[in-house]
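Chemist: Following this message is one structure expressed as structure tokens.
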Amino acid sequence: MSRTPMRRIAAVAASAALVAGGVTAGVTIGAGAASAATCSSSSQATKNDPSTVWITHTYNKTVTNAAGEEITEAAAGSLVTYKTVVGTTSIGNPYVNSITDIPPAGFGAPVSATVTAYTVSIPTGQHEADVTMTPGGGGYAATSTGWFVNSGNPVTLKTTYKVPANIAPGTQVTSGGTKVGGTVGVGTDLPNLNACFTVRIPNPGEAVTGSMDGAGLGSSEGQLSSTGSVSDVLGDTITKVLENGS
């Protein structure tokens with residue numbers, strides 16, 4: 001029997017077994033939807049007072065996935081990124097020399113961080129670079145001699161953390177606030193500049209891929225993404241067993 005028909009038969013058998021076991025492949029199960037309105041994935045703040053010379057400074061914090069897309073849910077054990085943007089809407093050129101990101105309680109140190117800011121290097125403009133985060137102020141700070149900011153060039157800090165694996169689905173996870181240091185009144189403490197997401201049940205790709213990789217079954221053909229098919233992976237596995245035994 002050729003591999004393709006055998007794989008199809010195995011996939012059908014795997015799908016039937018999943019249905020019998022009460023598992024639906026390809027469906028992401030969300031949690032905490034009823035209270036989603038109280039859990040905002042982003043927040044904003046402004047500062048306009050004598051310390052800013054009545055120039056408006058803006059602050060934004062958002063929780064995203066690895067692709068930079070704003071999210072409302074994430075699985076325990078996955079990675080989330082908090083994006084903090086400091087800018088100004090009018091004249092004035094403050095320099096930001098520190099941004100402190102305060103993660104949710106129970107989170108470990110960041111696994112990575114980058115800053116995007118205006119530089120005079122060629123080509124002149126916004127450039128992203130890795131930064132080292134220093135513990136302090138209840139969170140982790142990125143520092144510089146001064147990131148230039150104007151109305152067209154904000155400074156953006158992206159800080160990535162791993163969601164603790166022991167958080168139960170349905171739990172709303174709210175980050176801490178944000179602290180900014182710099183010149184011309186841009187420095188401020190913003191305890192309510194935070195972002196929230198709801199922990200969901202891992203989808204089939206997140207739940208299955210890791211265990212199959214560990215068993216040597218996560219081939220390029222059978223690898224399962226977040227939108228992949230569990231039956232295809234199990235079908236490939238059954239096919240390999242049948243071929244090896246033939």
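Lettering and numbering for the structure tokens are positional, with chains as A, B, ... in the shown order, residues counted from 1 in each chain, and ligands counted from 1 in the shown order.
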Any idea what's packed within 10 Å of A:Ala105, counting only C-alpha atoms, ignoring anything in its chain fewer than 2 positions away? Could you give it as a list in words?
Modeler: Ile102, Pro103, Phe107, Gly108, Gly138, Gly139, Val173, Thr174, Ser175 and Gly176 of chain A
Chemist: What lies within 6 Å of A:Tyr95 using only C-alpha atoms, ignoring chain neighbours under 3 positions off, as number ranges by chain?
Modeler: A: 146-149, 182-183
Chemist: Would you export the selected residues with all heavy atoms as an mmCIF file, in the first residue's frame, please?
Modeler:
```cif
data_model
loop_
_atom_site.group_PDB
_atom_site.id
_atom_site.type_symbol
_atom_site.label_atom_id
_atom_site.label_comp_id
_atom_site.auth_asym_id
_atom_site.auth_seq_id
_atom_site.Cartn_x
_atom_site.Cartn_y
_atom_site.Cartn_z
ATOM 1 N N GLY A 146 20.137 58.181 26.520
ATOM 2 C CA GLY A 146 19.022 59.008 26.075
ATOM 3 C C GLY A 146 18.502 58.606 24.711
ATOM 4 O O GLY A 146 19.214 58.685 23.713
ATOM 5 N N TRP A 147 17.244 58.118 24.672
ATOM 6 C CA TRP A 147 16.578 57.845 23.405
ATOM 7 C C TRP A 147 15.822 59.091 22.985
ATOM 8 O O TRP A 147 14.959 59.588 23.709
ATOM 9 C CB TRP A 147 15.610 56.679 23.541
ATOM 10 C CG TRP A 147 16.271 55.354 23.778
ATOM 11 C CD1 TRP A 147 17.122 54.694 22.954
ATOM 12 C CD2 TRP A 147 16.104 54.515 24.934
ATOM 13 N NE1 TRP A 147 17.507 53.504 23.511
ATOM 14 C CE2 TRP A 147 16.894 53.356 24.730
ATOM 15 C CE3 TRP A 147 15.363 54.626 26.114
ATOM 16 C CZ2 TRP A 147 16.975 52.334 25.652
ATOM 17 C CZ3 TRP A 147 15.432 53.610 27.037
ATOM 18 C CH2 TRP A 147 16.238 52.467 26.806
ATOM 19 N N PHE A 148 16.113 59.608 21.810
ATOM 20 C CA PHE A 148 15.472 60.815 21.299
ATOM 21 C C PHE A 148 14.015 60.532 20.945
ATOM 22 O O PHE A 148 13.699 59.501 20.344
ATOM 23 C CB PHE A 148 16.228 61.305 20.063
ATOM 24 C CG PHE A 148 15.563 62.431 19.339
ATOM 25 C CD1 PHE A 148 15.690 63.737 19.798
ATOM 26 C CD2 PHE A 148 14.812 62.197 18.202
ATOM 27 C CE1 PHE A 148 15.083 64.787 19.116
ATOM 28 C CE2 PHE A 148 14.204 63.232 17.521
ATOM 29 C CZ PHE A 148 14.335 64.535 17.980
ATOM 30 N N VAL A 149 13.137 61.467 21.311
ATOM 31 C CA VAL A 149 11.708 61.320 21.018
ATOM 32 C C VAL A 149 11.189 62.624 20.416
ATOM 33 O O VAL A 149 11.492 63.711 20.919
ATOM 34 C CB VAL A 149 10.900 60.995 22.299
ATOM 35 C CG1 VAL A 149 9.406 60.955 21.994
ATOM 36 C CG2 VAL A 149 11.341 59.662 22.895
ATOM 37 N N GLY A 182 13.529 60.346 32.253
ATOM 38 C CA GLY A 182 14.045 61.111 31.129
ATOM 39 C C GLY A 182 14.010 62.603 31.384
ATOM 40 O O GLY A 182 13.797 63.052 32.519
ATOM 41 N N THR A 183 14.170 63.364 30.331
ATOM 42 C CA THR A 183 14.237 64.816 30.431
ATOM 43 C C THR A 183 12.915 65.480 30.061
ATOM 44 O O THR A 183 11.978 64.819 29.604
ATOM 45 C CB THR A 183 15.318 65.353 29.484
ATOM 46 O OG1 THR A 183 14.935 65.042 28.131
ATOM 47 C CG2 THR A 183 16.666 64.723 29.766
#
```
Chemist: Residues at most 6 Å from stretch 117-123 of chain A, counting only C-alpha atoms, excluding those fewer than 3 positions away in the same chain, as a VMD selection string?
Modeler: chain A and resid 126 to 127 155
Chemist: Residues as selected, all heavy atoms, written as an mmCIF file, in the first residue's frame, can you do that?
Modeler:
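What ended up in again_10.cif:
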```cif
data_model
loop_
_atom_site.group_PDB
_atom_site.id
_atom_site.type_symbol
_atom_site.label_atom_id
_atom_site.label_comp_id
_atom_site.auth_asym_id
_atom_site.auth_seq_id
_atom_site.Cartn_x
_atom_site.Cartn_y
_atom_site.Cartn_z
ATOM 1 N N GLN A 126 14.251 54.961 12.665
ATOM 2 C CA GLN A 126 13.936 54.034 13.740
ATOM 3 C C GLN A 126 14.690 52.712 13.535
ATOM 4 O O GLN A 126 14.647 52.120 12.455
ATOM 5 C CB GLN A 126 12.432 53.777 13.771
ATOM 6 C CG GLN A 126 11.595 54.978 14.185
ATOM 7 C CD GLN A 126 11.294 54.968 15.671
ATOM 8 O OE1 GLN A 126 10.882 53.967 16.235
ATOM 9 N NE2 GLN A 126 11.471 56.108 16.309
ATOM 10 N N HIS A 127 15.358 52.278 14.596
ATOM 11 C CA HIS A 127 16.091 51.016 14.542
ATOM 12 C C HIS A 127 15.801 50.218 15.810
ATOM 13 O O HIS A 127 15.725 50.775 16.903
ATOM 14 C CB HIS A 127 17.591 51.261 14.413
ATOM 15 C CG HIS A 127 17.986 51.939 13.137
ATOM 16 N ND1 HIS A 127 18.142 51.250 11.948
ATOM 17 C CD2 HIS A 127 18.230 53.238 12.854
ATOM 18 C CE1 HIS A 127 18.473 52.092 10.991
ATOM 19 N NE2 HIS A 127 18.536 53.314 11.505
ATOM 20 N N VAL A 155 9.706 56.032 21.316
ATOM 21 C CA VAL A 155 10.615 54.958 21.692
ATOM 22 C C VAL A 155 9.762 53.788 22.159
ATOM 23 O O VAL A 155 8.795 53.973 22.915
ATOM 24 C CB VAL A 155 11.628 55.395 22.780
ATOM 25 C CG1 VAL A 155 10.927 55.913 24.015
ATOM 26 C CG2 VAL A 155 12.560 54.245 23.134
#
```
Chemist: Can you tell me, as a VMD selection string, what residues are no more than 9 Å from stretch 42-51 of chain A when counting only C-alpha atoms, ignoring any on the same chain fewer than 4 positions away?
Modeler: chain A and resid 55 to 63 70 88 184 to 186 188 190 192 to 196
Chemist: Among stretch 66-218 of chain A, which residues does DSSP mark as strand (DSSP E or B) when it is run on the backbone? Keep the chain and numbering as in the structure and answer as a ChimeraX atom specification.
Modeler: /A:70,73-75,79-88,95-101,112-119,125-130,134-136,139-148,150,153,155-162,172-174,178-182,188-190,196-200
Chemist: From the list A:Gly125, A:Gly181, A:Asn97, A:Gly106, which residue is nearest A:Ser144 when using only C-alpha atoms?
Modeler: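 Nearest to A:Ser144: A:Asn97.
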